[in-house]
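J.: To start, I am sharing the structure in question, which I have written as structure tokens.
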Amino acid sequence: MKHATLAGLSCWCSITIALILLNLPVPIRASLPLQINKQYLVTGTVIDESGLPLPGVNIIIKGTKSGTMSDTDGAFSLRVSSADILVFSYVGFKKIEVSVNGLEVLNVQMAEDVASLDEVVVNAGYYSVKERERTGSIVRVTAEDIEKQPVNNPLAALQGRMTGVDIRQTTGIPGGGFNIQIRGRNSIAAGNNPLYIVDGVPVSSERLDSYSSIFPYEIGVDPLNTINPNNIQSIEILKDADATAIYGSRGANGVVLITTKKGKAGRTQIDINVQTGIGEASNKMKLLNTEQYLEMRYEALANDGAEPVKNIDPDLLLWDQNRYTDWQEKLFGGAASITDIQGFVSGGNQQTSFRFGGGVRKENTVFPGDFGYRKIMGSLNLSHRSENQRLRAELSITYGKDKNNLFNNNLVENALKLAPNAPGLYDNEGNLNWEVNDEGITTFLNPLAPMLNTQEVLSNNLIVNSVLSYELLKDLQLKVSAGYTDFKQHETILTTKDSYKPELRPYRDYSHRRLNQEGNSWIIEPQLNYSKSIKNSNFDFLIGATWQRRLNVVFGIDAYGYSSEVLLNNINAALESSILRDFQNEYKYNAIYGRIGYNYKKRYFINLTGRRDGSSRFGPGKQFANFGAVGAAWIFSEEILIKNTIPFLSFGKIRGSYGTTGNDGIGDYGFLSTYSAITQPLNFRGNGGLYPTRLANSDYSWETNKKLEGALDLGFIKDRILLSVNWYRNRSSNQLVGYRLPYITGFNSVQANLPATVQNTGWEFQLTTTNIRSQDVAWTTNVNLTIPKNKLVDYPNIEVTPYASTYEIGKSLNIRKLYQFQEVNPETGLYEVVDINEDGRYTIDDRVAIITMDRNYYGGFQNTFNYKGFRVDFLLEFVKQKGLGELGNYFPGFTPVYDIGGNVPIEFIKRWQKSGDLTNVQKYSQAASNLTPYNLARESTLNVVDASFIRLKNISLAYNFQGQLLEKLNLNQLGVSIQAQNLWTWTNYFGLDPQSPGSRTTLPALRMVTASVHLQF
């Protein structure tokens, strides 16, 4: 028995050494072996690399159909013989084989399969597909990448990480919106936003209106802010026709699928994540100091032959000539604290699993004062399946509530305009300083005064989805999905008399402005799925229907004439009020859709999708349209010839697709005439009434988007190098626009289809390399690059339409028609542009320079390093583009009393000073007569600059503790990390943010540094 024991131990050691050399997981504990060829019961536990049990692992005796599955604690038992080999397989983990060799206890550790991307299952909307088998263009970001970024909005986590997905942050103010375009701008005037699906439920993607100057329309309030990034399992972007056609008209501009985290079978776990940090404006402009500023002002007067005037030039006659204030530091140079606490409980068994929890997030602003953003989030996910696996039920509830407490003013613009020698913000008694002169006239508009006008935006967002499926017959499944969303936003703006300069307060009122926006929708989608395999052929059939309804209600009111500030929140206390907006829209959408998927030998694939859509946004006879697509793929690396001739090619696939989608992204009821009530009947001799606000046109119909794509996917050296190359062409025709009408008609436009065709083409490259992969060390690199091109392909007779001055055949929709800048006249010191007609009139015909403002290319460069428990990850985002410069925002020399006057960037110091000077900056002046050459120059090529940039978008350092410390603390996991967002930006653009070139009102994206702790019990 002693010799048998030693022999068995020697055999076990040999197997262990061999597995280590092959870089495979090994049994971590074993008992003494039994005699060979006897049938006996082997028991054991399957765990992952962190020591947690893996439930549901499939365990099969190699060469047989006998096997079992691990239970909720990862434990298993199976009758075997000593010569058997057990095969352990689990989705997302490397398959391993372990020889029983007479062992009666066999504990196995499985490693995540991070390199085998062809086994990753991606969400394609109405169905799922393995990465290696997909025929459509789908890109994916998982929770692993989202969680290491200190972001409030899920879209912020996608920047620089996906090909064909252009995302731009509109403001650094928390709660602001994002602009997203998937493969370019398809429509001239209809919606260009993608379709958002959260757990199968469509949610609104439109930024909400705001009456606040801090959230103008181009920034807006983003409803996605209420979705918890920490509760997202993955975000898939569907791009081509094959992936989007099954969504019909809703997928014309791409689809964003957000899937929340679900519970897993296993013991109950508690996850807690605490994050805290600070944020600051990522950039400030270099402006003139006091000495340079005063030199500019005096030189402007000298150039104009003028003298300073007391009430117009207080910076020269009244204010301290030696004072200097960095207004950017004063007004938006603060540190914004960030605190985020998340807690979730999950668990279950093979039949029922659950996950519920939520979190709170608090962000202050970089502005002075007690302003900030608050958010409360909650979610519940339940999954159940019957013992016979035929019945499945899922319930998903997501809720978010946020509050944005701000002020109705833009301090960013004030900070860039204020003279550096402007007075202090407070007087000796601590009150706001207005610097009143001896005549009682205010000479300083205190930038903090508008902060007394508070703005509060409250949002509530509820998303509920339930899915019930039943296997009617073998391979035949009936599924019904039902969803409901409810979104409410209430905005209140209170204006006080104290926000006005003192001499105006007797003539001003306290006022209250309120905007309520509510929207709810429901959707029901029954589906029938059938799958069948016949020898080497595999078929998938899907047929379904959609019924969707959405109701939007908007109400805005102005109230004024309050007798006291304490009554401002009570509209009934106002002397007068007027309704700003009051309407209710209902949108109905119906569809039937189907899909046929076929593959032969898991090598040749074809996918057919079709959909018939009906939308209430079109008139009778125009409401329905048909859309469809075909996608195909060939995994040529499975061919014997390829395997024999190119052995280092582990994966190779050619795929392509073609199809049509539609677009109904226009307003509701556009085909009907509409009327509004006369709100001031006294103007009509006391009689109320209605007046027309829109012309009827029931003849317009769907935009049509035809999408074509070809792609090549390659894997080398056992998929350690993965390369994907995509080429696409999207053509959108029958453009839905508001056709402009002459003013004599009484209307600005009428909804119509234009005979225009917009084309988007591009190349997309994705490279993933596993540079090092060993037991303790791993290093992966991801590079993505997108080269897009947009152009107006065709527009018959555009020269006789109102759009002749806006668009150009063969050019992008995002062009600027500008004057050709000539020079700063060496003699006069004034800007000059080319007068093509030489008539001195400078009309639209003189704007011969056509500049494309699209991004030439964009992408990201990401590296991830792992060493034992340490992980370092960084992402560089890069963009090549042109943008508007700062010339249009500044007229150097003007008095700060006027909007266009005040301080200017340091670049303006290179101005014309004397006859013969050669420069691109006009002489300093405050003469109104010199505004004409300035206005011409700001609409010329002089104001177009290189706005390209490279940004260290994200860097993360994390460590997961292992071993005895976890046992002592009774924890499953303990991790700490430090994350930084928007850390550095390299650019030649001298404005605030190259992401929003030409804007001096937009707060740049914040540079954030946070630390977090993750606990799992």
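Lettering and numbering for the structure tokens are positional, with chains as A, B, ... in the shown order, residues counted from 1 in each chain, and ligands counted from 1 in the shown order.
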Would you list the contacts of A:Thr1002 as a PDB file with N, CA and C atoms, in the first residue's frame, taking every protein, DNA or RNA residue within 10 Å and counting only C-alpha atoms, but skipping same-chain residues closer than 2 positions in sequence?

T.:
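Produced file around-v1.pdb, reproduced below:
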ATOM      1  N   THR A 170     -21.007  67.580 -23.906  1.00  0.00           N
ATOM      2  CA  THR A 170     -21.394  68.956 -24.218  1.00  0.00           C
ATOM      3  C   THR A 170     -21.020  69.948 -23.128  1.00  0.00           C
ATOM      4  N   THR A 171     -20.764  69.477 -21.910  1.00  0.00           N
ATOM      5  CA  THR A 171     -20.430  70.374 -20.817  1.00  0.00           C
ATOM      6  C   THR A 171     -19.831  69.578 -19.670  1.00  0.00           C
ATOM      7  N   GLY A 172     -19.022  70.260 -18.848  1.00  0.00           N
ATOM      8  CA  GLY A 172     -18.479  69.629 -17.657  1.00  0.00           C
ATOM      9  C   GLY A 172     -19.383  69.757 -16.460  1.00  0.00           C
ATOM     10  N   ILE A 173     -20.538  70.419 -16.618  1.00  0.00           N
ATOM     11  CA  ILE A 173     -21.499  70.555 -15.527  1.00  0.00           C
ATOM     12  C   ILE A 173     -22.210  69.226 -15.324  1.00  0.00           C
ATOM     13  N   ILE A 214     -27.707  77.971 -18.230  1.00  0.00           N
ATOM     14  CA  ILE A 214     -26.606  77.053 -17.969  1.00  0.00           C
ATOM     15  C   ILE A 214     -26.809  75.719 -18.688  1.00  0.00           C
ATOM     16  N   PHE A 215     -28.072  75.422 -19.079  1.00  0.00           N
ATOM     17  CA  PHE A 215     -28.385  74.241 -19.858  1.00  0.00           C
ATOM     18  C   PHE A 215     -29.158  74.642 -21.108  1.00  0.00           C
ATOM     19  N   ILE A 219     -26.929  72.005 -25.114  1.00  0.00           N
ATOM     20  CA  ILE A 219     -26.401  71.177 -24.027  1.00  0.00           C
ATOM     21  C   ILE A 219     -27.486  70.254 -23.513  1.00  0.00           C
ATOM     22  N   ASN A 410     -24.288  81.864 -16.767  1.00  0.00           N
ATOM     23  CA  ASN A 410     -23.107  81.167 -17.248  1.00  0.00           C
ATOM     24  C   ASN A 410     -21.858  81.889 -16.762  1.00  0.00           C
ATOM     25  N   LEU A 411     -21.280  81.384 -15.686  1.00  0.00           N
ATOM     26  CA  LEU A 411     -20.096  82.011 -15.120  1.00  0.00           C
ATOM     27  C   LEU A 411     -18.860  81.820 -15.977  1.00  0.00           C
ATOM     28  N   VAL A 412     -18.867  80.806 -16.822  1.00  0.00           N
ATOM     29  CA  VAL A 412     -17.694  80.554 -17.656  1.00  0.00           C
ATOM     30  C   VAL A 412     -17.441  81.738 -18.577  1.00  0.00           C
ATOM     31  N   GLU A 413     -18.481  82.195 -19.242  1.00  0.00           N
ATOM     32  CA  GLU A 413     -18.330  83.338 -20.144  1.00  0.00           C
ATOM     33  C   GLU A 413     -17.923  84.590 -19.380  1.00  0.00           C
ATOM     34  N   LEU A 992     -10.974  76.666 -24.483  1.00  0.00           N
ATOM     35  CA  LEU A 992     -11.165  75.906 -23.252  1.00  0.00           C
ATOM     36  C   LEU A 992     -11.127  74.402 -23.486  1.00  0.00           C
ATOM     37  N   ASP A 993     -11.836  73.927 -24.512  1.00  0.00           N
ATOM     38  CA  ASP A 993     -11.936  72.486 -24.716  1.00  0.00           C
ATOM     39  C   ASP A 993     -12.040  72.200 -26.209  1.00  0.00           C
ATOM     40  N   SER A 996     -15.312  71.015 -27.741  1.00  0.00           N
ATOM     41  CA  SER A 996     -16.360  71.981 -28.088  1.00  0.00           C
ATOM     42  C   SER A 996     -15.700  73.246 -28.608  1.00  0.00           C
ATOM     43  N   PRO A 997     -15.045  73.174 -29.762  1.00  0.00           N
ATOM     44  CA  PRO A 997     -14.294  74.342 -30.245  1.00  0.00           C
ATOM     45  C   PRO A 997     -15.200  75.516 -30.576  1.00  0.00           C
ATOM     46  N   GLY A 998     -14.701  76.714 -30.286  1.00  0.00           N
ATOM     47  CA  GLY A 998     -15.427  77.928 -30.622  1.00  0.00           C
ATOM     48  C   GLY A 998     -16.429  78.380 -29.593  1.00  0.00           C
ATOM     49  N   SER A 999     -16.518  77.687 -28.462  1.00  0.00           N
ATOM     50  CA  SER A 999     -17.511  78.052 -27.451  1.00  0.00           C
ATOM     51  C   SER A 999     -16.804  78.546 -26.197  1.00  0.00           C
ATOM     52  N   ARG A1000     -17.145  79.759 -25.776  1.00  0.00           N
ATOM     53  CA  ARG A1000     -16.596  80.257 -24.509  1.00  0.00           C
ATOM     54  C   ARG A1000     -17.652  80.224 -23.411  1.00  0.00           C
ATOM     55  N   PRO A1004     -15.377  73.110 -19.667  1.00  0.00           N
ATOM     56  CA  PRO A1004     -14.735  71.910 -20.201  1.00  0.00           C
ATOM     57  C   PRO A1004     -14.969  70.701 -19.295  1.00  0.00           C
ATOM     58  N   ALA A1005     -14.791  69.526 -19.875  1.00  0.00           N
ATOM     59  CA  ALA A1005     -14.944  68.299 -19.095  1.00  0.00           C
ATOM     60  C   ALA A1005     -14.028  68.342 -17.881  1.00  0.00           C
TER      61      ALA A1005
END

J.: Once you count only C-alpha atoms, what closest atom pair and distance in Å to one decimal does each residue of stretch 675-744 of chain A within 9 Å of stretch 249-266 of chain A have, with rows by chain and rising residue number, as CSV?

T.:
residue,atom,partner,partner_atom,distance
A:Trp702,CA,A:Ser249,CA,8.4
A:Glu703,CA,A:Ser249,CA,8.7
A:Thr704,CA,A:Ala252,CA,8.2
A:Asn705,CA,A:Ala252,CA,6.4

J.: Suppose we keep C-alpha atoms; can you now write the selection as an mmCIF file, in the first residue's frame?

T.:
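The new file selection.cif reads:
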data_model
loop_
_atom_site.group_PDB
_atom_site.id
_atom_site.type_symbol
_atom_site.label_atom_id
_atom_site.label_comp_id
_atom_site.auth_asym_id
_atom_site.auth_seq_id
_atom_site.Cartn_x
_atom_site.Cartn_y
_atom_site.Cartn_z
ATOM 1 C CA TRP A 702 -40.336 57.764 -44.350
ATOM 2 C CA GLU A 703 -36.698 58.562 -44.822
ATOM 3 C CA THR A 704 -34.903 55.487 -46.111
ATOM 4 C CA ASN A 705 -31.399 54.491 -45.096
#

J.: In Å, with one decimal, what is the gap from atom CA of A:Tyr127 to atom CA of A:Ala245?

T.: 13.1 Å

J.: Write out as a tab-separated table a residue-level contact list of stretch 293-410 of chain A versus stretch 479-496 of chain A with cut-off 10 Å: for each qualifying residue the closest pair of atoms and the distance in Å to one decimal, counting only C-alpha atoms, rows sorted by chain and residue number upward.

T.:
residue	atom	partner	partner_atom	distance
A:Leu391	CA	A:Lys479	CA	9.8
A:Arg392	CA	A:Lys479	CA	9.1
A:Ala393	CA	A:Lys479	CA	9.5
A:Glu394	CA	A:Ser481	CA	9.3
A:Leu395	CA	A:Ala482	CA	9.8
A:Ser396	CA	A:Gly483	CA	9.3
A:Ile397	CA	A:Tyr484	CA	9.6
A:Thr398	CA	A:Thr485	CA	9.5
A:Tyr399	CA	A:Asp486	CA	9.6
A:Gly400	CA	A:Phe487	CA	9.6
A:Lys401	CA	A:Lys488	CA	9.5
A:Asp402	CA	A:Gln489	CA	9.5
A:Lys403	CA	A:His490	CA	9.7
A:Asn404	CA	A:Glu491	CA	9.3
A:Asn405	CA	A:Thr492	CA	9.9
A:Leu406	CA	A:Ile493	CA	9.4
A:Phe407	CA	A:Ile493	CA	8.1
A:Asn408	CA	A:Ile493	CA	7.1

J.: Could you find all residues in stretch 192-426 of chain A that DSSP calls helix (DSSP H, G or I) from the backbone, and write them as a VMD selection string?

T.: chain A and resid 223 to 226 229 to 231 241 to 251 290 to 304 314 to 317 327 to 332 411 to 417

J.: Save out the residues we just selected, C-alpha atoms, as a tab-separated table (two decimals), in the first residue's frame.

T.:
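Final output, result16.tsv:
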chain	number	residue	atom	x	y	z
A	223	PRO	CA	-32.34	61.50	-19.35
A	224	LEU	CA	-29.65	58.79	-19.35
A	225	ASN	CA	-28.09	60.44	-16.30
A	226	THR	CA	-30.60	58.60	-14.11
A	229	PRO	CA	-23.36	52.94	-14.63
A	230	ASN	CA	-22.42	50.57	-11.79
A	231	ASN	CA	-25.46	48.43	-12.57
A	241	ALA	CA	-28.03	46.86	-41.60
A	242	ASP	CA	-27.80	43.23	-40.51
A	243	ALA	CA	-27.69	44.25	-36.85
A	244	THR	CA	-30.19	47.12	-36.97
A	245	ALA	CA	-32.76	46.19	-39.64
A	246	ILE	CA	-34.72	44.04	-37.21
A	247	TYR	CA	-35.45	47.29	-35.35
A	248	GLY	CA	-36.75	48.84	-38.57
A	249	SER	CA	-37.21	52.60	-38.51
A	250	ARG	CA	-36.07	52.86	-34.91
A	251	GLY	CA	-32.59	51.56	-35.81
A	290	THR	CA	-3.69	93.68	-16.03
A	291	GLU	CA	-0.69	95.40	-17.61
A	292	GLN	CA	-1.35	93.84	-21.02
A	293	TYR	CA	-5.08	94.48	-20.73
A	294	LEU	CA	-4.69	98.17	-19.94
A	295	GLU	CA	-2.18	98.50	-22.75
A	296	MET	CA	-4.80	97.05	-25.10
A	297	ARG	CA	-7.51	99.41	-23.91
A	298	TYR	CA	-5.42	102.59	-24.11
A	299	GLU	CA	-4.00	101.57	-27.47
A	300	ALA	CA	-7.54	100.99	-28.80
A	301	LEU	CA	-8.54	104.52	-27.81
A	302	ALA	CA	-5.38	105.95	-29.33
A	303	ASN	CA	-5.99	104.09	-32.60
A	304	ASP	CA	-9.48	105.55	-32.72
A	314	PRO	CA	-14.63	102.48	-15.79
A	315	ASP	CA	-11.71	100.07	-16.11
A	316	LEU	CA	-9.51	103.00	-17.15
A	317	LEU	CA	-10.89	105.84	-15.01
A	327	TRP	CA	-11.42	85.40	-12.77
A	328	GLN	CA	-11.25	81.86	-14.12
A	329	GLU	CA	-9.83	80.74	-10.80
A	330	LYS	CA	-12.42	82.76	-8.90
A	331	LEU	CA	-15.49	81.70	-10.87
A	332	PHE	CA	-14.86	78.13	-12.02
A	411	LEU	CA	-20.10	82.01	-15.12
A	412	VAL	CA	-17.69	80.55	-17.66
A	413	GLU	CA	-18.33	83.34	-20.14
A	414	ASN	CA	-18.14	85.96	-17.40
A	415	ALA	CA	-14.81	84.59	-16.23
A	416	LEU	CA	-13.31	84.96	-19.71
A	417	LYS	CA	-14.67	88.47	-20.33

J.: Would you list the contacts of A:Ala545 as a list in words, taking every protein, DNA or RNA residue within 9 Å and counting only C-alpha atoms, but skipping same-chain residues closer than 6 positions in sequence?

T.: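 Here the qualifying residues turn out to be Ile524, Glu525, Pro526, Gln527, Asn590, Ala591, Ile592, Tyr593 and Gly594 of chain A.
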
J.: Just N, CA and C atoms for this one: save the residues we selected as a compact mmCIF listing (two decimals), in the first residue's frame.

T.:
# COMPACT_ATOMS: atom_id res chain seq x y z
N ILE A 524 -45.20 46.09 -25.84
CA ILE A 524 -45.45 44.65 -25.73
C ILE A 524 -44.92 43.99 -27.00
N GLU A 525 -44.11 42.94 -26.80
CA GLU A 525 -43.50 42.26 -27.95
C GLU A 525 -43.57 40.74 -27.76
N PRO A 526 -44.55 40.09 -28.39
CA PRO A 526 -44.55 38.61 -28.40
C PRO A 526 -43.60 38.10 -29.48
N GLN A 527 -42.97 36.95 -29.19
CA GLN A 527 -42.02 36.35 -30.14
C GLN A 527 -42.19 34.84 -30.15
N ASN A 590 -46.35 50.42 -34.36
CA ASN A 590 -46.65 49.00 -34.46
C ASN A 590 -45.72 48.37 -35.49
N ALA A 591 -45.42 47.10 -35.33
CA ALA A 591 -44.55 46.44 -36.30
C ALA A 591 -44.68 44.93 -36.18
N ILE A 592 -44.35 44.25 -37.26
CA ILE A 592 -44.11 42.81 -37.25
C ILE A 592 -42.72 42.60 -37.82
N TYR A 593 -42.01 41.60 -37.33
CA TYR A 593 -40.62 41.40 -37.75
C TYR A 593 -40.30 39.91 -37.74
N GLY A 594 -39.27 39.57 -38.45
CA GLY A 594 -38.85 38.17 -38.51
C GLY A 594 -37.39 38.04 -38.84

J.: So that I can check the secondary structure, give me every residue of stretch 495-551 of chain A assigned strand (DSSP E or B) by backbone DSSP, as a PyMOL selection string.

T.: chain A and resi 495+510-534+537-551

J.: With only C-alpha atoms as the basis for distance, which of A:Asn322, A:Asn289, A:Thr268, A:Asn107 is at the shortest distance from A:Ile909?

T.: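 Nearest candidate to A:Ile909 out of A:Asn322, A:Asn289, A:Thr268, A:Asn107: A:Asn289.
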
J.: Kindly indicate which residue among A:Val105, A:Ile642, A:Leu722, A:Val879 lies nearest to A:Thr768, using only C-alpha atoms for the distances.

T.: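 Closest to A:Thr768, using only C-alpha atoms: A:Leu722.
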
J.: Between A:Val1013, A:Val98, A:Leu155, A:Leu478, which residue has the minimum interatomic distance to A:Gln342, considering only C-alpha atoms?

T.: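 Closest to A:Gln342, using only C-alpha atoms: A:Val1013.
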
J.: So, counting only C-alpha atoms, which residue among A:Val464, A:Leu754, A:Ala711, A:Ile270 is closest to A:Tyr803?

T.: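 Looking at the shortest contact to A:Tyr803, the residue is A:Leu754.
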
J.: Need to verify the contact set: A:Val553, 7 Å, only C-alpha atoms, exclusion of same-chain residues closer than 2 positions in sequence. Can you return it as an MDAnalysis selection string?

T.: chainID A and resid 517:519 551 555 583:585

J.: Give the answer as one residue: which of A:Ile272, A:Gln477, A:Asn186, A:Ile197 has the shortest atom-to-atom distance to A:Lys706, using only C-alpha atoms?

T.: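 Using only C-alpha atoms, A:Lys706 sits closest to A:Asn186.
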
J.: Record the distance separating atom CA of A:Gly176 and atom CA of A:Asp222, expressed in Å with one decimal.

T.: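 So the two atoms, atom CA of A:Gly176 and atom CA of A:Asp222, lie 6.0 Å apart.
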
J.: Need the shell around stretch 433-435 of chain A: protein/DNA/RNA residues with any atom at most 9 Å away, counting only C-alpha atoms. Skip same-chain ones fewer than 3 positions apart. Format as a PyMOL selection string?

T.: chain A and resi 319+423-428+430+441-446+501-502
